[in-house]
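**Q** Here's a structure for you.
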Amino acid sequence: MAMHLDASSEQNILNMLMDQSAISTDQMNKIKSMSKEVGKSKLETAFELNLTNENKILSLLSKAYSLDVVDLKKHVVTDKLKKIVPIDYIRNNTLVPFEIHGEILKIAIPDGSKLSLMKNLKTMTKMEPELYAASITDISDFIDRMSGGGKKTSQQGEKLEQVKKKEKVVPIEVESDVINFGDKVIGEAIDLGASDIHIEAFRNTSLVRYRVDGILKTIDKFTKFLHNNYNAVVTRVKIISKLDIAERRVPQDGASTFKKGDKEVDLRISILPTKNNERIVMRILNKDAGDKKLSELGFETGDLNKLTKAVSSPQGMVLVTGPTGSGKTTTLYSILKHINKPSMNILTAEDPVEYELEGIGQVHVREDIGYTFASALRSFLRQDPEVILVGEIRDKETVDIALKASLTGHLVFSTIHTNDAPSTITRLQNMGTPNYLIAAALTLIMAQRLARKTCSECKVIDENITPKLLNSIGFLPEQSARAKIYKGKGCDQCNQSGYKGRMGIYEILEVTKELKQGVLSNLQQTELEAIAKKGGFRTMQTMGHDLLLSGDLSFAEFQRVLTVQ
C-alpha cells in the first residue's frame with residue numbers, strides 16, 4: 001500500500017480516532033509501544049493490529065466535518081488539474097484537486113488538519129475550494145497519477161515513516177512569511193522592552209498584544225496577517241519551542257532562546273486551547289534584567305542601608321512581597337548578586353529559573369512530579385549552604401522549614417503574595433506559624449510595586465485633580481490645597497503614552513526588638529504598624545505621595561498601583 005502522509009495528518013487521524021472513541025487509551029498505548037518495536041509509524045501499526053482501517057477513518061472524517069465522500073478512482077487527471085496546484089505542494093500536504101467546476105475547485109482530503117490550508121489554496125488558485133473526504137490510498141494513488149505514474153512502483157510499500165522526512169507543516173508559499181512574521185513580532189517586542197507577548201484568536205479577529213511597562217497594548221499592524229494565517233503562526237511557535245504541533249487539545253509549556261543582533265533573550269511559552277483556537281503567551285526574560293545592582297534600584301540611602309544590613313547578616317529571613325510583575329525577582333536577584341562571593345554557597349529553588357546567575361546553584365522546582373519548594377528546601381539543608389532563596393512561600397510546610405532554616409545559621413530569602421509589609425506578619429500567623437518563630441526568624445520585609453514614570457518631556461499640570469481627590473488618597477488638607485499634580489500629555493519620546501520607563505515604589509519594614517515584642521504579645525496589624533511608624537517606617541502610600549508631588553507619578557498611576565482593593 002503506497003501511502004504519502006505527513007506527521008500532522010497522521011497525528012490528526014489518531015486524535016480523531018481517540019476523540020470519537022474508535023480507539024481507547026489502552027489501545028493507543030499498545031500502538032505506541034508496538035510502533036517503536038517494529039519501526040513503523042503509529043498509523044501503520046494501528047492498521048496491522050486491526051484496530052482501525054481506511055473505511056472507518058473515511059466514515060469518521062466525513063461525519064466529523066460533514067464532508068461528502070468521493071471515489072477518486074472514477075476521476076480522470078487532466079492537464080488543467082496538473083497545472084492548478086504545484087505537484088510539490090500536493091505531495092507535501094497530502095491533498096488532491098480532482099475536479100474543476102466553473103469557479104469551484106473540488107479538493108479531496110484524508111484528514112481534518114488540511115482545513116487550515118483552504119485560505120492559502122484560495123489565494124494560490126484564485127478559485128473557491130470545495131472539500132470532500134477520500135481514503136488515504138485513493139489520495140496517494142491520485143497523487144501518483146498526477147505526477148505521471150512513473151514513481152508508483154518505486155514507492156510501492158514505502159513506509160509512512162520515510163515520507164515524514166519531507167514533512168511540511170506550513171504551506172510552502174506562506175512558510176517564509178510566517179517565519180518572518182514570528183521573528184518580527186518577537187523582535188519588535190524586545191525593542192519595545194515588552195515583558196510578554198500575547199497571540200490570541202477571537203471569533204472574528206486575531207490579535208497580537210504586548211505588555212509594556214505592565215500594561216497590555218494591541219499592536220494593530222499584525223492583526224490582518226495573523227488572522228489570515230493563525231494556525232500557521234501557532235505551528236511556527238510550537239516548532240521554535242519544541243512542542244507537539246499535532247496536539248491541540250491540552251495546554252503545553254515550552255521555552256526557546258531568541259537572538260536579535262547581539263542581544264539574547266529567553267522566551268517562556270505557554271499555549272492554551274480555547275473555544276476559538278489556541279492562544280499563546282510568551283514571557284520575555286531579558287538576561288540583562290538579572291544584572292541590576294542593588295544601588296541601581298532606586299532605594300533611598302536610609303532604606304538601602306537597612307536592606308544591605310539585613311541581607312549581609314549571617315542568618316535570618318528576608319521576605320519580598322507584591323503582586324505578579326512588581327519586580328520581586330529582579331530585587332531578589334540583585335540582592336543575591338550583591339552578597340555573592342566565592343566563599344559563599346548560595347542555593348535557589350525557583351519555579352522556573354528566570355535568569356542564570358554565575359556561581360549560584362539554581363534548582364527548577366517541578367510541582368507536577370512532586371518536587372515542591374518544601375522538598376527542595378529539605379535537600380538544600382543537606383548541601384551546607386550559607387544562603388537559601390525559596391522562590392515563593394505557598395504553604396505552611398514551606399514556611400516552617402524556611403523559618404527553622406533561618407534560625408539554624410542560614411540566611412533565607414523568599415517572596416510571598418500580600419498587599420503590604422505589615423500584613424505579611426498577619427499572613428504568616430494565618431498560615432498557622434507560631435508567633436515565637438516569626439519573632440525569632442524574621443529580620444526584614446519589603447513590599448514593592450512597579451509604577452510607570454510620567455514622561456519628563458511632555459508633563460503638564462493635571463487640572464482634573466482637586467484637593468478633595470487628594471484628601472481621599474491620604475493627603476493632609478493643607479498639603480492638598482498647595483499640591484500641583486502632573487500627567488504626561490503624550491509625545492514622540494514616550495510613544496504618545498505619557499509615560500516613559502518605570503520606577504519602584506516600596507516600603508521596608510525592619511523587624512526591630514519593639515516589633516518582635518509586639519508579635520510575641522499577639523498585637524493586631526494596626527498596632528504593629530503604629531510601632532513600626534514610631535521607628536521610622538514609611539508606607540508605599542507615603543512614598544507615592546512624595547512621587548506625586550515631585551511630578552514623577554500621575555494620579556491615575558497612583559490609583560492603579562497603590563489603591564488597595
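We name chains A, B, ... following the order of the C-alpha cells; residues begin at 1 in each chain, and ligands are numbered from 1 as shown.
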Using only C-alpha atoms, determine which residues lie at most 9 Å from Cys458 (chain A), disregarding the query and same-chain residues fewer than 3 positions distant; provide the list as a ChimeraX atom specification.
**A** /A:454-455,487-491,493-494,498
**Q** Which residues come within 10 Å of Lys306 (chain A), counting only C-alpha atoms, excluding same-chain residues fewer than 4 positions away, as a PyMOL selection string?
**A** chain A and resi 301-302+310-311+444+508-510
**Q** For the selection you just gave me, I'd like the residues written to a file as a CSV table (one decimal), in the first residue's frame, keeping C-alpha atoms.
**A**
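To be explicit, this is the file written out as result.csv:
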chain,number,residue,atom,x,y,z
A,301,THR,CA,20.1,55.9,51.3
A,302,GLY,CA,18.5,55.0,54.7
A,310,ALA,CA,19.6,42.6,56.6
A,311,VAL,CA,21.0,40.8,53.6
A,444,LEU,CA,13.1,42.4,57.2
A,508,ILE,CA,10.8,48.5,54.1
A,509,LEU,CA,9.8,47.1,57.4
A,510,GLU,CA,12.7,46.3,59.7
**Q** Report the residues of region 292-427 of chain A whose backbone DSSP state falls under alpha helix (DSSP H), written as a PDB file with N, CA and C atoms, in the first residue's frame.
**A**
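Output contents, as saved in states38.pdb:
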ATOM      1  N   THR A 301      18.867  56.306  50.611  1.00  0.00           N
ATOM      2  CA  THR A 301      20.067  55.864  51.343  1.00  0.00           C
ATOM      3  C   THR A 301      19.732  55.117  52.626  1.00  0.00           C
ATOM      4  N   GLY A 302      18.823  55.676  53.440  1.00  0.00           N
ATOM      5  CA  GLY A 302      18.462  55.038  54.728  1.00  0.00           C
ATOM      6  C   GLY A 302      17.886  53.645  54.523  1.00  0.00           C
ATOM      7  N   ASP A 303      16.992  53.525  53.523  1.00  0.00           N
ATOM      8  CA  ASP A 303      16.352  52.234  53.244  1.00  0.00           C
ATOM      9  C   ASP A 303      17.365  51.236  52.691  1.00  0.00           C
ATOM     10  N   LEU A 304      18.255  51.738  51.819  1.00  0.00           N
ATOM     11  CA  LEU A 304      19.274  50.860  51.231  1.00  0.00           C
ATOM     12  C   LEU A 304      20.183  50.311  52.335  1.00  0.00           C
ATOM     13  N   ASN A 305      20.507  51.151  53.317  1.00  0.00           N
ATOM     14  CA  ASN A 305      21.344  50.698  54.437  1.00  0.00           C
ATOM     15  C   ASN A 305      20.655  49.607  55.244  1.00  0.00           C
ATOM     16  N   LYS A 306      19.337  49.806  55.501  1.00  0.00           N
ATOM     17  CA  LYS A 306      18.557  48.787  56.240  1.00  0.00           C
ATOM     18  C   LYS A 306      18.574  47.456  55.485  1.00  0.00           C
ATOM     19  N   LEU A 307      18.330  47.554  54.157  1.00  0.00           N
ATOM     20  CA  LEU A 307      18.274  46.341  53.337  1.00  0.00           C
ATOM     21  C   LEU A 307      19.647  45.665  53.293  1.00  0.00           C
ATOM     22  N   THR A 308      20.696  46.450  53.083  1.00  0.00           N
ATOM     23  CA  THR A 308      22.055  45.889  52.998  1.00  0.00           C
ATOM     24  C   THR A 308      22.427  45.197  54.307  1.00  0.00           C
ATOM     25  N   LYS A 309      22.049  45.823  55.426  1.00  0.00           N
ATOM     26  CA  LYS A 309      22.366  45.234  56.737  1.00  0.00           C
ATOM     27  C   LYS A 309      21.663  43.875  56.889  1.00  0.00           C
ATOM     28  N   ALA A 310      20.366  43.816  56.496  1.00  0.00           N
ATOM     29  CA  ALA A 310      19.596  42.568  56.642  1.00  0.00           C
ATOM     30  C   ALA A 310      20.150  41.465  55.747  1.00  0.00           C
ATOM     31  N   VAL A 311      20.530  41.828  54.497  1.00  0.00           N
ATOM     32  CA  VAL A 311      20.980  40.780  53.572  1.00  0.00           C
ATOM     33  C   VAL A 311      22.437  40.389  53.795  1.00  0.00           C
ATOM     34  N   LYS A 328       9.671  41.636  42.005  1.00  0.00           N
ATOM     35  CA  LYS A 328      10.236  40.906  43.168  1.00  0.00           C
ATOM     36  C   LYS A 328      11.483  40.113  42.766  1.00  0.00           C
ATOM     37  N   THR A 329      11.380  39.426  41.614  1.00  0.00           N
ATOM     38  CA  THR A 329      12.512  38.585  41.169  1.00  0.00           C
ATOM     39  C   THR A 329      13.750  39.432  40.921  1.00  0.00           C
ATOM     40  N   THR A 330      13.561  40.578  40.238  1.00  0.00           N
ATOM     41  CA  THR A 330      14.703  41.457  39.950  1.00  0.00           C
ATOM     42  C   THR A 330      15.374  41.899  41.245  1.00  0.00           C
ATOM     43  N   THR A 331      14.550  42.274  42.244  1.00  0.00           N
ATOM     44  CA  THR A 331      15.102  42.713  43.540  1.00  0.00           C
ATOM     45  C   THR A 331      15.908  41.586  44.193  1.00  0.00           C
ATOM     46  N   LEU A 332      15.321  40.387  44.216  1.00  0.00           N
ATOM     47  CA  LEU A 332      15.999  39.264  44.878  1.00  0.00           C
ATOM     48  C   LEU A 332      17.295  38.892  44.161  1.00  0.00           C
ATOM     49  N   TYR A 333      17.271  38.922  42.825  1.00  0.00           N
ATOM     50  CA  TYR A 333      18.490  38.604  42.076  1.00  0.00           C
ATOM     51  C   TYR A 333      19.573  39.648  42.351  1.00  0.00           C
ATOM     52  N   SER A 334      19.167  40.918  42.449  1.00  0.00           N
ATOM     53  CA  SER A 334      20.139  41.976  42.752  1.00  0.00           C
ATOM     54  C   SER A 334      20.746  41.761  44.135  1.00  0.00           C
ATOM     55  N   ILE A 335      19.906  41.322  45.087  1.00  0.00           N
ATOM     56  CA  ILE A 335      20.404  41.033  46.445  1.00  0.00           C
ATOM     57  C   ILE A 335      21.430  39.891  46.393  1.00  0.00           C
ATOM     58  N   LEU A 336      21.089  38.821  45.657  1.00  0.00           N
ATOM     59  CA  LEU A 336      21.995  37.671  45.565  1.00  0.00           C
ATOM     60  C   LEU A 336      23.321  38.074  44.921  1.00  0.00           C
ATOM     61  N   LYS A 337      23.244  38.885  43.870  1.00  0.00           N
ATOM     62  CA  LYS A 337      24.486  39.327  43.203  1.00  0.00           C
ATOM     63  C   LYS A 337      25.318  40.192  44.148  1.00  0.00           C
ATOM     64  N   HIS A 338      24.633  40.967  44.984  1.00  0.00           N
ATOM     65  CA  HIS A 338      25.307  41.873  45.916  1.00  0.00           C
ATOM     66  C   HIS A 338      26.116  41.088  46.963  1.00  0.00           C
ATOM     67  N   ILE A 339      25.523  39.954  47.420  1.00  0.00           N
ATOM     68  CA  ILE A 339      26.205  39.221  48.505  1.00  0.00           C
ATOM     69  C   ILE A 339      27.056  38.056  48.004  1.00  0.00           C
ATOM     70  N   PHE A 373       8.621  23.151  46.609  1.00  0.00           N
ATOM     71  CA  PHE A 373       9.541  24.061  47.312  1.00  0.00           C
ATOM     72  C   PHE A 373       9.991  23.436  48.634  1.00  0.00           C
ATOM     73  N   ALA A 374       9.027  22.792  49.327  1.00  0.00           N
ATOM     74  CA  ALA A 374       9.348  22.194  50.630  1.00  0.00           C
ATOM     75  C   ALA A 374      10.385  21.080  50.483  1.00  0.00           C
ATOM     76  N   SER A 375      10.194  20.205  49.462  1.00  0.00           N
ATOM     77  CA  SER A 375      11.156  19.096  49.312  1.00  0.00           C
ATOM     78  C   SER A 375      12.517  19.611  48.825  1.00  0.00           C
ATOM     79  N   ALA A 376      12.513  20.675  47.991  1.00  0.00           N
ATOM     80  CA  ALA A 376      13.786  21.266  47.549  1.00  0.00           C
ATOM     81  C   ALA A 376      14.525  21.853  48.758  1.00  0.00           C
ATOM     82  N   LEU A 377      13.767  22.535  49.633  1.00  0.00           N
ATOM     83  CA  LEU A 377      14.363  23.144  50.831  1.00  0.00           C
ATOM     84  C   LEU A 377      15.016  22.108  51.728  1.00  0.00           C
ATOM     85  N   ARG A 378      14.315  20.978  51.888  1.00  0.00           N
ATOM     86  CA  ARG A 378      14.872  19.909  52.746  1.00  0.00           C
ATOM     87  C   ARG A 378      16.208  19.427  52.195  1.00  0.00           C
ATOM     88  N   SER A 379      16.251  19.218  50.857  1.00  0.00           N
ATOM     89  CA  SER A 379      17.507  18.717  50.285  1.00  0.00           C
ATOM     90  C   SER A 379      18.605  19.787  50.331  1.00  0.00           C
ATOM     91  N   PHE A 380      18.207  21.070  50.276  1.00  0.00           N
ATOM     92  CA  PHE A 380      19.184  22.154  50.369  1.00  0.00           C
ATOM     93  C   PHE A 380      19.932  22.115  51.696  1.00  0.00           C
ATOM     94  N   LEU A 381      19.197  21.837  52.754  1.00  0.00           N
ATOM     95  CA  LEU A 381      19.808  21.881  54.097  1.00  0.00           C
ATOM     96  C   LEU A 381      20.911  20.844  54.245  1.00  0.00           C
ATOM     97  N   LYS A 396       2.106  26.107  54.548  1.00  0.00           N
ATOM     98  CA  LYS A 396       2.646  26.085  55.916  1.00  0.00           C
ATOM     99  C   LYS A 396       3.951  25.290  55.989  1.00  0.00           C
ATOM    100  N   GLU A 397       4.007  24.183  55.245  1.00  0.00           N
ATOM    101  CA  GLU A 397       5.193  23.322  55.290  1.00  0.00           C
ATOM    102  C   GLU A 397       6.447  24.102  54.858  1.00  0.00           C
ATOM    103  N   THR A 398       6.313  24.851  53.749  1.00  0.00           N
ATOM    104  CA  THR A 398       7.459  25.636  53.251  1.00  0.00           C
ATOM    105  C   THR A 398       7.861  26.707  54.260  1.00  0.00           C
ATOM    106  N   VAL A 399       6.847  27.398  54.827  1.00  0.00           N
ATOM    107  CA  VAL A 399       7.127  28.450  55.829  1.00  0.00           C
ATOM    108  C   VAL A 399       7.917  27.866  56.992  1.00  0.00           C
ATOM    109  N   ASP A 400       7.424  26.743  57.519  1.00  0.00           N
ATOM    110  CA  ASP A 400       8.056  26.140  58.708  1.00  0.00           C
ATOM    111  C   ASP A 400       9.519  25.790  58.450  1.00  0.00           C
ATOM    112  N   ILE A 401       9.776  25.126  57.310  1.00  0.00           N
ATOM    113  CA  ILE A 401      11.163  24.722  57.025  1.00  0.00           C
ATOM    114  C   ILE A 401      12.032  25.970  56.823  1.00  0.00           C
ATOM    115  N   ALA A 402      11.489  26.966  56.081  1.00  0.00           N
ATOM    116  CA  ALA A 402      12.268  28.183  55.802  1.00  0.00           C
ATOM    117  C   ALA A 402      12.589  28.930  57.100  1.00  0.00           C
ATOM    118  N   LEU A 403      11.596  29.064  57.984  1.00  0.00           N
ATOM    119  CA  LEU A 403      11.827  29.789  59.246  1.00  0.00           C
ATOM    120  C   LEU A 403      12.828  29.043  60.125  1.00  0.00           C
ATOM    121  N   LYS A 404      12.685  27.719  60.169  1.00  0.00           N
ATOM    122  CA  LYS A 404      13.620  26.943  61.006  1.00  0.00           C
ATOM    123  C   LYS A 404      15.040  27.016  60.438  1.00  0.00           C
ATOM    124  N   ALA A 405      15.130  27.020  59.093  1.00  0.00           N
ATOM    125  CA  ALA A 405      16.453  27.121  58.467  1.00  0.00           C
ATOM    126  C   ALA A 405      17.100  28.458  58.836  1.00  0.00           C
ATOM    127  N   SER A 406      16.265  29.528  58.887  1.00  0.00           N
ATOM    128  CA  SER A 406      16.813  30.856  59.190  1.00  0.00           C
ATOM    129  C   SER A 406      17.238  30.961  60.656  1.00  0.00           C
ATOM    130  N   LEU A 407      16.751  30.043  61.490  1.00  0.00           N
ATOM    131  CA  LEU A 407      17.156  30.047  62.916  1.00  0.00           C
ATOM    132  C   LEU A 407      18.402  29.205  63.149  1.00  0.00           C
ATOM    133  N   ALA A 421       3.816  45.322  53.642  1.00  0.00           N
ATOM    134  CA  ALA A 421       4.749  44.657  54.567  1.00  0.00           C
ATOM    135  C   ALA A 421       4.093  44.223  55.885  1.00  0.00           C
ATOM    136  N   PRO A 422       3.347  45.118  56.593  1.00  0.00           N
ATOM    137  CA  PRO A 422       2.774  44.687  57.877  1.00  0.00           C
ATOM    138  C   PRO A 422       1.803  43.503  57.756  1.00  0.00           C
ATOM    139  N   SER A 423       1.042  43.438  56.636  1.00  0.00           N
ATOM    140  CA  SER A 423       0.069  42.336  56.516  1.00  0.00           C
ATOM    141  C   SER A 423       0.762  40.989  56.285  1.00  0.00           C
ATOM    142  N   THR A 424       2.069  41.011  55.979  1.00  0.00           N
ATOM    143  CA  THR A 424       2.818  39.759  55.789  1.00  0.00           C
ATOM    144  C   THR A 424       2.900  38.994  57.110  1.00  0.00           C
ATOM    145  N   ILE A 425       3.080  39.737  58.209  1.00  0.00           N
ATOM    146  CA  ILE A 425       3.148  39.082  59.537  1.00  0.00           C
ATOM    147  C   ILE A 425       1.816  38.387  59.814  1.00  0.00           C
ATOM    148  N   THR A 426       0.705  39.108  59.531  1.00  0.00           N
ATOM    149  CA  THR A 426      -0.629  38.524  59.735  1.00  0.00           C
ATOM    150  C   THR A 426      -0.803  37.291  58.863  1.00  0.00           C
ATOM    151  N   ARG A 427      -0.319  37.355  57.591  1.00  0.00           N
ATOM    152  CA  ARG A 427      -0.452  36.208  56.688  1.00  0.00           C
ATOM    153  C   ARG A 427       0.282  34.995  57.259  1.00  0.00           C
TER     154      ARG A 427
END
**Q** Using DSSP on the backbone coordinates, identify the residues of region 337-481 of chain A assigned to strand (DSSP E); present them as a compact mmCIF listing (two decimals) with N, CA, C and O atoms, in the first residue's frame.
**A**
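As written to disk, part_15.txt reads:
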# COMPACT_ATOMS: atom_id res chain seq x y z
N ILE A 346 25.47 29.55 47.79
CA ILE A 346 24.10 30.07 47.66
C ILE A 346 23.28 29.11 46.80
O ILE A 346 23.70 28.71 45.71
N LEU A 347 22.10 28.73 47.30
CA LEU A 347 21.21 27.82 46.56
C LEU A 347 19.84 28.48 46.37
O LEU A 347 19.33 29.12 47.28
N THR A 348 19.26 28.30 45.18
CA THR A 348 17.92 28.86 44.95
C THR A 348 16.97 27.76 44.46
O THR A 348 17.38 26.89 43.69
N ALA A 349 15.72 27.82 44.91
CA ALA A 349 14.66 26.94 44.39
C ALA A 349 13.65 27.85 43.71
O ALA A 349 13.04 28.69 44.36
N GLU A 350 13.51 27.71 42.39
CA GLU A 350 12.65 28.62 41.64
C GLU A 350 11.67 27.86 40.75
O GLU A 350 11.90 26.72 40.39
N GLY A 361 23.90 28.03 42.84
CA GLY A 361 23.22 26.77 42.49
C GLY A 361 21.72 27.02 42.36
O GLY A 361 21.05 27.27 43.35
N GLN A 362 21.20 26.94 41.12
CA GLN A 362 19.78 27.22 40.90
C GLN A 362 19.03 25.94 40.54
O GLN A 362 19.44 25.20 39.67
N VAL A 363 17.93 25.72 41.23
CA VAL A 363 17.16 24.48 41.05
C VAL A 363 15.76 24.82 40.56
O VAL A 363 15.11 25.72 41.09
N HIS A 364 15.30 24.09 39.53
CA HIS A 364 13.95 24.29 39.00
C HIS A 364 12.99 23.35 39.74
O HIS A 364 13.10 22.14 39.66
N VAL A 387 23.35 30.70 52.20
CA VAL A 387 22.16 31.47 51.79
C VAL A 387 21.23 30.59 50.95
O VAL A 387 21.69 29.85 50.08
N ILE A 388 19.92 30.71 51.25
CA ILE A 388 18.92 29.94 50.50
C ILE A 388 17.86 30.92 49.97
O ILE A 388 17.38 31.77 50.72
N LEU A 389 17.51 30.78 48.70
CA LEU A 389 16.38 31.55 48.16
C LEU A 389 15.26 30.57 47.82
O LEU A 389 15.47 29.63 47.05
N VAL A 390 14.09 30.78 48.41
CA VAL A 390 12.92 29.96 48.07
C VAL A 390 12.03 30.85 47.20
O VAL A 390 11.60 31.91 47.64
N LEU A 411 20.82 32.24 55.99
CA LEU A 411 20.12 33.45 55.58
C LEU A 411 19.13 33.03 54.50
O LEU A 411 19.51 32.44 53.50
N VAL A 412 17.83 33.28 54.73
CA VAL A 412 16.79 32.79 53.82
C VAL A 412 16.06 33.97 53.18
O VAL A 412 15.63 34.90 53.86
N PHE A 413 15.93 33.92 51.85
CA PHE A 413 15.13 34.92 51.12
C PHE A 413 13.93 34.22 50.50
O PHE A 413 14.04 33.08 50.07
N SER A 414 12.81 34.94 50.44
CA SER A 414 11.66 34.38 49.74
C SER A 414 10.68 35.47 49.35
O SER A 414 10.83 36.63 49.73
N THR A 415 9.66 35.09 48.56
CA THR A 415 8.59 36.03 48.21
C THR A 415 7.27 35.49 48.73
O THR A 415 7.12 34.28 48.94
N ILE A 416 6.33 36.40 48.94
CA ILE A 416 5.01 36.00 49.42
C ILE A 416 4.01 37.01 48.84
O ILE A 416 4.37 38.17 48.59
N LEU A 442 12.25 36.38 61.55
CA LEU A 442 12.07 37.43 60.55
C LEU A 442 12.97 38.64 60.81
O LEU A 442 12.99 39.17 61.92
N THR A 443 13.73 39.08 59.81
CA THR A 443 14.59 40.26 60.02
C THR A 443 14.11 41.47 59.23
O THR A 443 14.24 42.60 59.68
N LEU A 444 13.51 41.25 58.03
CA LEU A 444 13.09 42.40 57.24
C LEU A 444 12.03 41.97 56.23
O LEU A 444 12.11 40.88 55.66
N ILE A 445 11.02 42.84 56.03
CA ILE A 445 10.00 42.58 55.00
C ILE A 445 9.99 43.80 54.08
O ILE A 445 9.93 44.94 54.54
N MET A 446 10.02 43.52 52.79
CA MET A 446 9.97 44.62 51.84
C MET A 446 8.79 44.41 50.90
O MET A 446 8.64 43.33 50.33
N ALA A 447 7.91 45.41 50.78
CA ALA A 447 6.79 45.33 49.82
C ALA A 447 7.12 46.27 48.68
O ALA A 447 7.70 47.33 48.89
N GLN A 448 6.76 45.88 47.46
CA GLN A 448 7.09 46.77 46.33
C GLN A 448 6.07 46.72 45.21
O GLN A 448 5.29 45.77 45.09
N ARG A 449 6.06 47.77 44.42
CA ARG A 449 5.24 47.87 43.21
C ARG A 449 6.11 48.50 42.13
O ARG A 449 7.08 49.19 42.43
N LEU A 450 5.72 48.28 40.88
CA LEU A 450 6.39 48.98 39.78
C LEU A 450 5.37 49.93 39.17
O LEU A 450 4.27 49.52 38.79
N ALA A 451 5.70 51.22 39.09
CA ALA A 451 4.79 52.21 38.51
C ALA A 451 5.44 52.85 37.30
O ALA A 451 6.66 53.00 37.25
N ARG A 452 4.61 53.25 36.34
CA ARG A 452 5.14 53.92 35.15
C ARG A 452 5.47 55.37 35.50
O ARG A 452 4.69 56.05 36.18
N LYS A 453 6.61 55.81 35.04
CA LYS A 453 7.10 57.16 35.35
C LYS A 453 6.50 58.14 34.33
O LYS A 453 6.51 57.86 33.13
N THR A 454 5.99 59.27 34.81
CA THR A 454 5.45 60.29 33.90
C THR A 454 6.58 60.81 33.00
O THR A 454 7.68 61.09 33.48
N LYS A 459 5.29 66.47 30.40
CA LYS A 459 4.40 66.51 31.57
C LYS A 459 3.77 67.90 31.74
O LYS A 459 4.44 68.91 31.55
N VAL A 460 2.49 67.88 32.03
CA VAL A 460 1.75 69.14 32.24
C VAL A 460 0.93 68.99 33.53
O VAL A 460 0.67 67.87 33.98
N ILE A 461 0.52 70.11 34.11
CA ILE A 461 -0.29 70.04 35.33
C ILE A 461 -1.64 69.41 35.01
O ILE A 461 -2.28 69.76 34.00
**Q** So, counting only C-alpha atoms, which residue among A:Ala255, A:Ala133, A:Val519, A:Ile393 is closest to Val353 (chain A)?
**A**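 Looking only at the distances to Val353 (chain A), the closest residue turns out to be A:Ala255.
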**Q** Between A:Tyr486, A:Phe222, A:Phe258, A:Tyr132, which has the minimum distance to Val185 (chain A) (counting only C-alpha atoms)?
**A**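 Ranking A:Tyr486, A:Phe222, A:Phe258, A:Tyr132 by distance to Val185 (chain A), first place goes to A:Phe222.
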**Q** Can you tell me which residues surround region 97-100 of chain A at a distance of at most 7 Å, considering only C-alpha atoms, apart from same-chain residues fewer than 6 positions away, and format the answer as a PDB file with C-alpha atoms, in the first residue's frame?
**A**
ATOM      1  CA  HIS A  75     -11.971  10.807 -11.705  1.00  0.00           C
ATOM      2  CA  LEU A  81      -5.726  19.830 -12.865  1.00  0.00           C
ATOM      3  CA  LYS A 106     -13.048  20.341  -5.689  1.00  0.00           C
ATOM      4  CA  ILE A 107     -10.368  19.042  -3.308  1.00  0.00           C
ATOM      5  CA  ALA A 108     -10.131  15.651  -1.573  1.00  0.00           C
TER       6      ALA A 108
END
